[in-house]
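*Asks:* Next comes the structure file upload32.txt, holding compact mmCIF, C-alpha atoms (C1' of nucleotides).
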```
# COMPACT_ATOMS: atom_id res chain seq x y z
CA MET A 1 -73.19 43.06 42.98
CA PRO A 2 -74.93 44.68 40.01
CA THR A 3 -78.72 44.54 39.82
CA ALA A 4 -80.99 43.41 36.99
CA SER A 5 -81.36 46.97 35.76
CA ASP A 6 -77.59 47.32 35.66
CA PHE A 7 -77.46 44.28 33.41
CA GLU A 8 -80.26 45.71 31.32
CA ARG A 9 -78.24 48.86 30.82
CA LEU A 10 -75.21 46.82 29.87
CA LEU A 11 -77.19 44.94 27.25
CA ARG A 12 -78.72 48.05 25.75
CA GLY A 13 -75.28 49.59 25.69
CA VAL A 14 -74.16 46.99 23.17
CA SER A 15 -77.52 47.01 21.29
CA LEU A 16 -78.60 43.59 22.39
CA ARG A 17 -82.21 42.85 23.21
CA VAL A 18 -83.04 42.56 26.86
CA THR A 19 -84.37 39.10 27.64
CA ALA A 20 -84.75 37.11 30.80
CA PRO A 21 -82.19 34.45 29.82
CA ARG A 22 -79.59 37.12 29.12
CA ILE A 23 -80.12 38.85 32.43
CA ALA A 24 -79.96 35.50 34.19
CA VAL A 25 -76.74 34.48 32.44
CA LEU A 26 -75.07 37.79 33.17
CA SER A 27 -76.11 37.54 36.77
CA ALA A 28 -74.93 33.94 37.04
CA VAL A 29 -71.49 34.75 35.67
CA HIS A 30 -71.17 37.73 38.00
CA GLU A 31 -72.05 35.53 40.95
CA HIS A 32 -69.86 32.62 39.89
CA PRO A 33 -66.70 33.82 38.22
CA HIS A 34 -64.87 31.18 36.16
CA ALA A 35 -67.95 28.95 36.06
CA ASP A 36 -68.23 26.41 33.28
CA THR A 37 -71.17 26.30 30.90
CA ASP A 38 -72.91 23.50 32.74
CA SER A 39 -72.85 25.30 36.08
CA ILE A 40 -74.15 28.43 34.41
CA ILE A 41 -77.03 26.48 32.92
CA GLY A 42 -77.78 25.14 36.39
CA VAL A 43 -77.78 28.57 38.01
CA VAL A 44 -79.89 30.08 35.25
CA ARG A 45 -82.48 27.31 35.58
CA GLN A 46 -82.65 27.83 39.32
CA ASN A 47 -83.60 31.44 38.70
CA LEU A 48 -85.78 31.15 35.64
CA GLY A 49 -87.06 27.61 35.48
CA ALA A 50 -86.78 25.86 32.14
CA VAL A 51 -84.20 27.29 29.78
CA SER A 52 -82.75 25.29 26.91
CA HIS A 53 -79.03 24.66 26.99
CA GLN A 54 -78.94 25.96 23.47
CA ALA A 55 -80.24 29.33 24.65
CA VAL A 56 -77.47 29.54 27.23
CA TYR A 57 -74.80 28.66 24.66
CA ASP A 58 -76.30 31.28 22.38
CA VAL A 59 -76.40 33.94 25.04
CA LEU A 60 -72.87 33.19 26.13
CA ARG A 61 -71.65 33.56 22.58
CA ALA A 62 -73.57 36.79 22.05
CA LEU A 63 -72.30 38.31 25.29
CA THR A 64 -68.75 37.19 24.64
CA GLY A 65 -68.90 38.66 21.15
CA ALA A 66 -70.26 41.90 22.54
CA GLY A 67 -67.42 42.08 25.03
CA LEU A 68 -69.60 41.76 28.12
CA LEU A 69 -68.09 38.41 29.03
CA ARG A 70 -64.78 36.77 28.51
CA ARG A 71 -64.35 33.14 27.64
CA ILE A 72 -61.39 31.28 29.07
CA GLU A 73 -60.49 27.68 28.49
CA PRO A 74 -57.35 26.38 30.13
CA GLN A 75 -55.99 23.14 28.74
CA GLY A 76 -57.83 20.08 29.88
CA SER A 77 -60.79 22.10 31.06
CA VAL A 78 -64.11 22.96 29.50
CA ALA A 79 -64.91 26.55 28.58
CA ARG A 80 -65.41 28.93 31.45
CA TYR A 81 -66.72 32.46 31.54
CA GLU A 82 -65.98 35.51 33.63
CA ALA A 83 -67.44 39.00 33.80
CA ARG A 84 -64.22 40.90 34.38
CA VAL A 85 -63.46 42.41 31.02
CA GLY A 86 -61.37 45.26 29.81
CA ASP A 87 -58.68 45.17 32.46
CA ASN A 88 -56.48 42.59 30.73
CA HIS A 89 -55.89 40.50 33.79
CA HIS A 90 -54.50 36.97 33.77
CA HIS A 91 -55.18 33.67 35.50
CA VAL A 92 -53.47 31.16 37.69
CA VAL A 93 -54.72 27.59 37.33
CA CYS A 94 -54.25 24.68 39.73
CA ARG A 95 -52.86 21.62 37.95
CA SER A 96 -54.44 19.36 40.50
CA CYS A 97 -58.01 20.57 41.01
CA GLY A 98 -58.45 23.07 38.18
CA ALA A 99 -59.23 26.01 40.43
CA ILE A 100 -58.77 29.38 38.80
CA ALA A 101 -57.85 32.70 40.39
CA ASP A 102 -57.38 36.12 38.90
CA VAL A 103 -54.00 37.77 38.67
CA ASP A 104 -53.76 41.43 37.89
CA CYS A 105 -51.65 42.38 34.95
CA ALA A 106 -48.65 44.49 35.80
CA THR A 107 -49.22 46.93 32.94
CA GLY A 108 -52.98 46.66 32.62
CA ALA A 109 -53.06 47.35 28.89
CA ALA A 110 -52.98 44.80 26.09
CA PRO A 111 -50.60 43.57 24.85
CA CYS A 112 -48.75 43.67 28.14
CA LEU A 113 -45.84 41.69 26.75
CA ASP A 114 -43.72 41.99 23.65
CA ALA A 115 -42.64 38.92 21.74
CA SER A 116 -38.93 38.55 21.13
CA ASP A 117 -39.61 37.62 17.51
CA ASP A 118 -43.13 38.07 16.18
CA HIS A 119 -42.59 36.26 12.82
CA GLY A 120 -44.43 39.09 11.08
CA PHE A 121 -47.55 38.56 13.14
CA VAL A 122 -49.51 41.62 14.24
CA ILE A 123 -49.92 40.92 17.93
CA ASP A 124 -52.77 42.54 19.83
CA GLU A 125 -52.90 40.55 23.05
CA ALA A 126 -50.62 38.53 25.25
CA GLU A 127 -52.48 35.94 27.28
CA VAL A 128 -50.71 34.62 30.33
CA ILE A 129 -51.68 31.52 32.27
CA TYR A 130 -49.77 30.65 35.40
CA TRP A 131 -49.71 26.94 36.21
CA GLY A 132 -49.19 25.70 39.71
CA THR A 133 -50.85 24.24 42.77
CA CYS A 134 -53.50 25.96 44.82
CA PRO A 135 -53.16 26.30 48.60
CA GLU A 136 -55.71 23.53 49.29
CA CYS A 137 -53.98 21.02 47.02
CA THR A 138 -50.56 21.96 48.34
CA THR A 139 -51.73 21.26 51.87
CA ALA A 140 -53.42 18.02 50.85
CA ALA A 141 -50.27 16.82 49.09
CA LYS A 142 -48.10 17.51 52.13
CA SER A 143 -50.35 15.77 54.61
CA SER A 144 -50.71 12.63 52.51
CA MET B 1 -33.81 16.30 10.98
CA PRO B 2 -33.19 13.45 13.42
CA THR B 3 -33.12 9.90 12.08
CA ALA B 4 -34.98 6.81 13.21
CA SER B 5 -32.06 5.75 15.38
CA ASP B 6 -32.06 9.15 17.04
CA PHE B 7 -35.70 8.62 17.93
CA GLU B 8 -34.86 5.13 19.16
CA ARG B 9 -32.24 6.61 21.46
CA LEU B 10 -34.74 9.17 22.70
CA LEU B 11 -37.26 6.46 23.52
CA ARG B 12 -34.72 4.29 25.31
CA GLY B 13 -33.58 7.35 27.18
CA VAL B 14 -36.95 7.56 28.88
CA SER B 15 -37.30 3.76 29.23
CA LEU B 16 -40.06 3.41 26.69
CA ARG B 17 -40.18 0.45 24.36
CA VAL B 18 -39.16 1.08 20.82
CA THR B 19 -42.03 0.43 18.44
CA ALA B 20 -42.68 1.40 14.86
CA PRO B 21 -45.71 3.59 15.68
CA ARG B 22 -43.70 5.53 18.23
CA ILE B 23 -40.87 6.19 15.83
CA ALA B 24 -43.39 7.24 13.19
CA VAL B 25 -45.22 9.58 15.57
CA LEU B 26 -42.00 11.18 16.75
CA SER B 27 -40.89 11.62 13.19
CA ALA B 28 -44.26 13.04 12.14
CA VAL B 29 -44.24 15.61 14.92
CA HIS B 30 -40.68 16.61 14.10
CA GLU B 31 -41.64 17.09 10.46
CA HIS B 32 -44.89 18.91 11.18
CA PRO B 33 -44.59 21.09 14.24
CA HIS B 34 -47.92 22.15 15.77
CA ALA B 35 -49.79 19.43 13.88
CA ASP B 36 -53.13 18.31 15.25
CA THR B 37 -53.83 14.70 16.12
CA ASP B 38 -55.65 13.99 12.89
CA SER B 39 -52.80 15.21 10.72
CA ILE B 40 -50.37 13.15 12.75
CA ILE B 41 -52.51 10.07 12.22
CA GLY B 42 -52.48 10.81 8.50
CA VAL B 43 -48.70 11.19 8.33
CA VAL B 44 -48.11 8.08 10.42
CA ARG B 45 -50.39 6.05 8.16
CA GLN B 46 -48.56 7.29 5.07
CA ASN B 47 -45.34 5.93 6.51
CA LEU B 48 -46.54 2.77 8.18
CA GLY B 49 -49.81 1.81 6.55
CA ALA B 50 -52.66 0.95 8.88
CA VAL B 51 -52.34 2.24 12.42
CA SER B 52 -55.31 2.62 14.70
CA HIS B 53 -56.13 6.10 15.88
CA GLN B 54 -56.14 4.68 19.39
CA ALA B 55 -52.49 3.70 19.05
CA VAL B 56 -51.61 7.24 17.99
CA TYR B 57 -53.52 8.78 20.90
CA ASP B 58 -51.80 6.33 23.22
CA VAL B 59 -48.36 7.07 21.85
CA LEU B 60 -48.95 10.80 22.00
CA ARG B 61 -49.95 10.54 25.62
CA ALA B 62 -47.00 8.34 26.50
CA LEU B 63 -44.53 10.62 24.74
CA THR B 64 -46.08 13.73 26.26
CA GLY B 65 -45.90 12.18 29.70
CA ALA B 66 -42.28 11.23 29.14
CA GLY B 67 -41.47 14.78 28.15
CA LEU B 68 -40.53 13.98 24.56
CA LEU B 69 -43.45 15.95 23.16
CA ARG B 70 -45.41 18.92 24.31
CA ARG B 71 -49.13 19.25 23.95
CA ILE B 72 -50.57 22.64 23.19
CA GLU B 73 -54.20 23.52 22.74
CA PRO B 74 -55.05 27.12 22.00
CA GLN B 75 -58.66 28.15 22.48
CA GLY B 76 -60.96 27.07 19.72
CA SER B 77 -58.46 24.60 18.37
CA VAL B 78 -58.00 20.89 18.81
CA ALA B 79 -54.93 19.54 20.59
CA ARG B 80 -51.64 20.00 18.79
CA TYR B 81 -48.23 18.57 19.47
CA GLU B 82 -44.72 19.82 19.02
CA ALA B 83 -41.29 18.33 19.54
CA ARG B 84 -39.55 21.37 20.98
CA VAL B 85 -39.41 20.69 24.68
CA GLY B 86 -37.34 21.94 27.54
CA ASP B 87 -36.66 25.44 26.29
CA ASN B 88 -39.85 27.00 27.67
CA HIS B 89 -40.75 28.87 24.54
CA HIS B 90 -44.13 30.39 23.80
CA HIS B 91 -46.52 30.65 20.88
CA VAL B 92 -48.16 33.24 18.73
CA VAL B 93 -51.53 32.23 17.30
CA CYS B 94 -53.37 33.76 14.37
CA ARG B 95 -56.96 34.67 15.30
CA SER B 96 -58.04 34.32 11.71
CA CYS B 97 -56.49 31.10 10.40
CA GLY B 98 -55.18 29.45 13.55
CA ALA B 99 -51.58 29.32 12.40
CA ILE B 100 -49.05 28.87 15.19
CA ALA B 101 -45.47 30.06 15.35
CA ASP B 102 -42.84 29.68 18.03
CA VAL B 103 -41.62 32.60 20.07
CA ASP B 104 -38.52 32.26 22.16
CA CYS B 105 -38.87 33.05 25.81
CA ALA B 106 -36.84 36.01 26.93
CA THR B 107 -35.53 34.29 30.03
CA GLY B 108 -35.59 30.68 28.84
CA ALA B 109 -36.30 29.15 32.23
CA ALA B 110 -39.71 28.39 33.76
CA PRO B 111 -41.45 30.22 35.28
CA CYS B 112 -40.30 33.13 33.18
CA LEU B 113 -42.82 35.49 34.73
CA ASP B 114 -43.82 36.32 38.26
CA ALA B 115 -47.41 36.89 39.19
CA SER B 116 -48.22 40.14 40.92
CA ASP B 117 -50.36 38.29 43.44
CA ASP B 118 -50.22 34.51 43.47
CA HIS B 119 -53.17 33.96 45.89
CA GLY B 120 -51.08 31.39 47.73
CA PHE B 121 -50.61 29.26 44.64
CA VAL B 122 -47.25 27.59 44.11
CA ILE B 123 -46.53 28.59 40.54
CA ASP B 124 -44.15 26.50 38.45
CA GLU B 125 -44.80 27.70 34.93
CA ALA B 126 -46.02 30.78 33.12
CA GLU B 127 -47.58 30.01 29.78
CA VAL B 128 -47.80 32.85 27.32
CA ILE B 129 -49.92 32.91 24.19
CA TYR B 130 -49.71 35.88 21.89
CA TRP B 131 -52.86 36.52 19.88
CA GLY B 132 -52.76 38.37 16.62
CA THR B 133 -52.90 38.08 12.88
CA CYS B 134 -50.38 36.23 10.77
CA PRO B 135 -48.70 37.89 7.76
CA GLU B 136 -50.88 36.03 5.24
CA CYS B 137 -54.14 37.00 6.93
CA THR B 138 -52.98 40.59 7.39
CA THR B 139 -52.29 40.84 3.67
CA ALA B 140 -55.57 39.16 2.77
CA ALA B 141 -57.52 41.56 5.01
CA LYS B 142 -55.89 44.62 3.45
CA SER B 143 -56.45 43.57 -0.14
CA SER B 144 -60.11 42.73 0.37
C1' DT C 1 -100.87 47.85 18.20
C1' DC C 2 -98.54 45.74 14.43
C1' DG C 3 -94.80 43.94 11.72
C1' DT C 4 -90.12 42.93 11.53
C1' DT C 5 -86.41 40.76 13.18
C1' DA C 6 -83.75 38.88 16.75
C1' DA C 7 -83.95 35.40 20.24
C1' DC C 8 -85.53 30.96 22.09
C1' DT C 9 -87.05 25.87 21.91
C1' DT C 10 -86.58 21.19 20.60
C1' DG C 11 -84.14 17.53 19.11
C1' DA C 12 -80.90 15.50 16.26
C1' DC C 13 -76.19 15.48 15.29
C1' DT C 14 -70.88 16.09 15.06
C1' DC C 15 -66.38 15.40 16.43
C1' DA C 16 -62.42 15.00 19.42
C1' DC C 17 -61.33 11.99 22.55
C1' DT C 18 -61.74 7.92 25.85
C1' DC C 19 -62.81 3.17 27.56
C1' DC C 20 -62.74 -1.66 27.09
C1' DA C 21 -61.44 -6.51 26.09
C1' DG C 22 -58.94 -9.38 23.52
C1' DA C 23 -54.86 -10.17 20.30
C1' DA C 24 -50.14 -9.33 19.30
C1' DA C 25 -45.55 -7.96 19.97
C1' DA C 26 -41.39 -6.56 22.73
C1' DG C 27 -38.09 -7.41 26.25
C1' DA C 28 -36.22 -10.45 30.02
C1' DC C 29 -34.39 -14.66 31.47
C1' DG C 30 -32.87 -19.29 31.41
C1' DC D 1 -33.24 -20.01 20.82
C1' DG D 2 -37.62 -20.66 23.25
C1' DT D 3 -40.77 -19.42 26.81
C1' DC D 4 -42.88 -16.14 29.94
C1' DT D 5 -44.38 -11.65 31.43
C1' DT D 6 -45.48 -7.13 30.45
C1' DT D 7 -46.64 -3.62 27.50
C1' DT D 8 -48.71 -2.14 23.34
C1' DC D 9 -52.00 -2.38 19.51
C1' DT D 10 -56.60 -3.27 17.39
C1' DG D 11 -61.41 -2.49 16.62
C1' DG D 12 -65.46 -1.03 18.18
C1' DA D 13 -68.50 1.10 21.27
C1' DG D 14 -69.22 5.06 24.20
C1' DT D 15 -68.97 9.97 26.23
C1' DG D 16 -69.79 14.74 26.46
C1' DA D 17 -69.09 19.51 25.14
C1' DG D 18 -70.65 21.97 21.73
C1' DT D 19 -73.22 22.88 17.03
C1' DC D 20 -76.87 22.85 13.34
C1' DA D 21 -81.44 23.43 11.61
C1' DA D 22 -86.35 24.46 11.51
C1' DG D 23 -90.04 26.28 13.59
C1' DT D 24 -92.08 29.27 17.38
C1' DT D 25 -92.03 33.19 20.45
C1' DA D 26 -91.12 37.64 22.11
C1' DA D 27 -88.72 42.41 21.98
C1' DC D 28 -88.95 46.81 20.19
C1' DG D 29 -89.29 50.54 16.72
C1' DA D 30 -92.70 52.66 13.84
```
I need this file expressed as structure tokens, please.

*Replies:*
Amino acid sequence: MPTASDFERLLRGVSLRVTAPRIAVLSAVHEHPHADTDSIIGVVRQNLGAVSHQAVYDVLRALTGAGLLRRIEPQGSVARYEARVGDNHHHVVCRSCGAIADVDCATGAAPCLDASDDHGFVIDEAEVIYWGTCPECTTAAKSS
Amino acid sequence: MPTASDFERLLRGVSLRVTAPRIAVLSAVHEHPHADTDSIIGVVRQNLGAVSHQAVYDVLRALTGAGLLRRIEPQGSVARYEARVGDNHHHVVCRSCGAIADVDCATGAAPCLDASDDHGFVIDEAEVIYWGTCPECTTAAKSS
DNA sequence: TCGTTAACTTGACTCACTCCAGAAAAGACG
DNA sequence: CGTCTTTTCTGGAGTGAGTCAAGTTAACGA
């Protein structure tokens, strides 16, 4: 797990000011991958005390824009954030409980897939979401 | 373009009652693929006069559940609906203007992709979204 | 240490979407 | 055709993630 000074270095690397809320958000996302905004706010407040939700939204947007975080929002779910960036991996989502797990991309470089007909679009990324049922929900469904 | 009686047959085929709003919604989605809910409400009202937004939401949910429509919601966009179902095709989305185009799936059958590591999930569908820039926005960006 | 500028706080607000209760219409059956 | 049951539609209030705006605070380069 990276330390506060690691996060500080990350922030300086993208010319963002180093502030306590930003460190706390980065740390929270590293500790809780795929956490939604509300959970992140909760974790940040546990570490720092009072922080406005607006600040967290702001920080999340700044960090996402800077490429330090990635925002994912599967259908029917609120926005979630993860700290794994740059390796173009994908996600598998449970239809029943919404759990998310990472799936490595076979090629590793974006776009990892070519469209059969791109309609003239200039494609730079292929996002893949696998839909299915997680082990817990599969077990629960069988035993019911 | 299918006619009202085609839509009626579709509805009966999934044991749903045939009502004017349903025909109008089906027709609207066929005419405007990838339309958002608000546009659909607008089109339906043009054809039928006053229809509550609640009725349209209800109809959309019923038709989606019955498999007559498919709901898509790319990040940063409101829910959209399309009438192409059953052929497991994908979408390319413009980062700049949000335009959506269909992309045929290479294999045609779900799931068209296998995950490298499924974490024990039972995967039934692989959803692919290509991100890029549409021809119009590419041209606009160059000329600016 | 000082000034500039980015970041944070507070609080109101928007907008897609949902919930609810009652009214109306569709389909089934005699 | 008329009645009954079930489903759908209406209108309005409510929910919740996320945004906007104005003023204050704090980071950091000079």

*Asks:* Please report as CSV every residue of chain C lying within 12 Å of chain A, along with the nearest atom pair and their distance in Å (one decimal), using only C-alpha atoms (C1' of nucleotides).

*Replies:*
```
residue,atom,partner,partner_atom,distance
C:DT5,C1',A:Arg17,CA,11.1
C:DA6,C1',A:Arg17,CA,7.7
C:DA7,C1',A:Arg17,CA,8.2
C:DC8,C1',A:Ala55,CA,6.1
C:DT9,C1',A:Ser52,CA,6.6
C:DT10,C1',A:Ser52,CA,8.4
C:DG11,C1',A:Gln54,CA,10.8
C:DC17,C1',A:Gly76,CA,11.5
```

*Asks:* Once the least-squares fit of chain B onto chain A is done over all Cα atoms matched in order, how many Å of RMSD are left?

*Replies:*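 The superposed chains show a C-alpha RMSD of 0.1 Å.
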
*Asks:* Pull the closest atom pair for each residue of chain D that gets at most 9 Å from chain B, along with the distance in Å to one decimal, counting only C-alpha atoms (C1' of nucleotides), ordering rows by chain and then ascending residue number, as a Markdown table.

*Replies:*
```
| residue | atom | partner | partner_atom | distance |
| --- | --- | --- | --- | --- |
| D:DT7 | C1' | B:Arg17 | CA | 8.3 |
| D:DT8 | C1' | B:Ala55 | CA | 8.2 |
| D:DC9 | C1' | B:Ala55 | CA | 6.1 |
| D:DT10 | C1' | B:Ser52 | CA | 6.6 |
| D:DG11 | C1' | B:Ser52 | CA | 8.2 |
```

*Asks:* Counting all atoms listed in the file, what is within 10 Å of segment 27-33 of chain B, bar same-chain residues fewer than 4 positions away, as a PyMOL selection string?

*Replies:* chain B and resi 1-4+6-7+21-23+37+39-44+47+60+69+80-84+100-102

*Asks:* Kindly save the residues from that selection, with C-alpha atoms included, as a CSV table (one decimal), keeping the file's coordinate frame.

*Replies:*
```
chain,number,residue,atom,x,y,z
B,1,MET,CA,-33.8,16.3,11.0
B,2,PRO,CA,-33.2,13.4,13.4
B,3,THR,CA,-33.1,9.9,12.1
B,4,ALA,CA,-35.0,6.8,13.2
B,6,ASP,CA,-32.1,9.2,17.0
B,7,PHE,CA,-35.7,8.6,17.9
B,21,PRO,CA,-45.7,3.6,15.7
B,22,ARG,CA,-43.7,5.5,18.2
B,23,ILE,CA,-40.9,6.2,15.8
B,37,THR,CA,-53.8,14.7,16.1
B,39,SER,CA,-52.8,15.2,10.7
B,40,ILE,CA,-50.4,13.2,12.8
B,41,ILE,CA,-52.5,10.1,12.2
B,42,GLY,CA,-52.5,10.8,8.5
B,43,VAL,CA,-48.7,11.2,8.3
B,44,VAL,CA,-48.1,8.1,10.4
B,47,ASN,CA,-45.3,5.9,6.5
B,60,LEU,CA,-49.0,10.8,22.0
B,69,LEU,CA,-43.4,16.0,23.2
B,80,ARG,CA,-51.6,20.0,18.8
B,81,TYR,CA,-48.2,18.6,19.5
B,82,GLU,CA,-44.7,19.8,19.0
B,83,ALA,CA,-41.3,18.3,19.5
B,84,ARG,CA,-39.6,21.4,21.0
B,100,ILE,CA,-49.0,28.9,15.2
B,101,ALA,CA,-45.5,30.1,15.4
B,102,ASP,CA,-42.8,29.7,18.0
```

*Asks:* Between C:DC2, C:DA24, C:DA12, C:DC19, which one has atoms that come closest to DA21 of chain D, using all atoms listed in the file?

*Replies:*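 Counting all atoms listed in the file, the residue closest to DA21 of chain D is C:DA12.
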
*Asks:* What gap, in Å, lies between atom CA of Val122 of chain B and atom CA of Ala140 of chain A?

*Replies:*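 Atom CA of Val122 of chain B sits 13.2 Å away from atom CA of Ala140 of chain A.
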
*Asks:* For a quick test of understanding: name the residues of chain A lying within 7 Å of chain B when counting all atoms listed in the file, and present them as a short mmCIF file (atom, residue, chain, number, x, y, z; two decimals) with C-alpha atoms, keeping the file's coordinate frame.

*Replies:*
```cif
data_model
loop_
_atom_site.label_atom_id
_atom_site.label_comp_id
_atom_site.auth_asym_id
_atom_site.auth_seq_id
_atom_site.Cartn_x
_atom_site.Cartn_y
_atom_site.Cartn_z
CA GLU A 73 -60.49 27.68 28.49
CA GLN A 75 -55.99 23.14 28.74
CA VAL A 103 -54.00 37.77 38.67
CA ASP A 104 -53.76 41.43 37.89
CA ALA A 106 -48.65 44.49 35.80
CA ALA A 115 -42.64 38.92 21.74
CA SER A 116 -38.93 38.55 21.13
CA ASP A 117 -39.61 37.62 17.51
CA ASP A 118 -43.13 38.07 16.18
CA GLY A 120 -44.43 39.09 11.08
CA PHE A 121 -47.55 38.56 13.14
CA VAL A 122 -49.51 41.62 14.24
CA ILE A 123 -49.92 40.92 17.93
CA ASP A 124 -52.77 42.54 19.83
CA GLU A 125 -52.90 40.55 23.05
CA ALA A 126 -50.62 38.53 25.25
CA GLU A 127 -52.48 35.94 27.28
CA VAL A 128 -50.71 34.62 30.33
CA ILE A 129 -51.68 31.52 32.27
CA TYR A 130 -49.77 30.65 35.40
CA TRP A 131 -49.71 26.94 36.21
CA GLY A 132 -49.19 25.70 39.71
CA THR A 133 -50.85 24.24 42.77
CA CYS A 134 -53.50 25.96 44.82
CA PRO A 135 -53.16 26.30 48.60
#
```

*Asks:* For segment 15-25 of chain A, what centre and edge lengths in Å (one decimal) does the axis-aligned box get once 4 Å is added on each side of all its listed atoms, as lines of an AutoDock Vina configuration file?

*Replies:*
```
center_x = -80.7
center_y = 40.7
center_z = 27.7
size_x = 16.0
size_y = 20.6
size_z = 20.9
```

*Asks:* By how many Å are atom CA of Ala35 of chain A and atom C1' of DT14 of chain C apart?

*Replies:* 24.8 Å

*Asks:* Would you mind reading off the distance between atom CA of Arg45 of chain B and atom CA of Ala66 of chain B, one decimal, in Å?

*Replies:*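 According to the coordinates, atom CA of Arg45 of chain B and atom CA of Ala66 of chain B are separated by 23.1 Å.
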
*Asks:* List the neighbours of DC15 of chain C out to 12 Å using all atoms listed in the file; skip same-chain residues closer than 5 positions along the sequence, and give me the result as a PyMOL selection string.

*Replies:* (chain B and resi 38+78) or (chain D and resi 15-19)
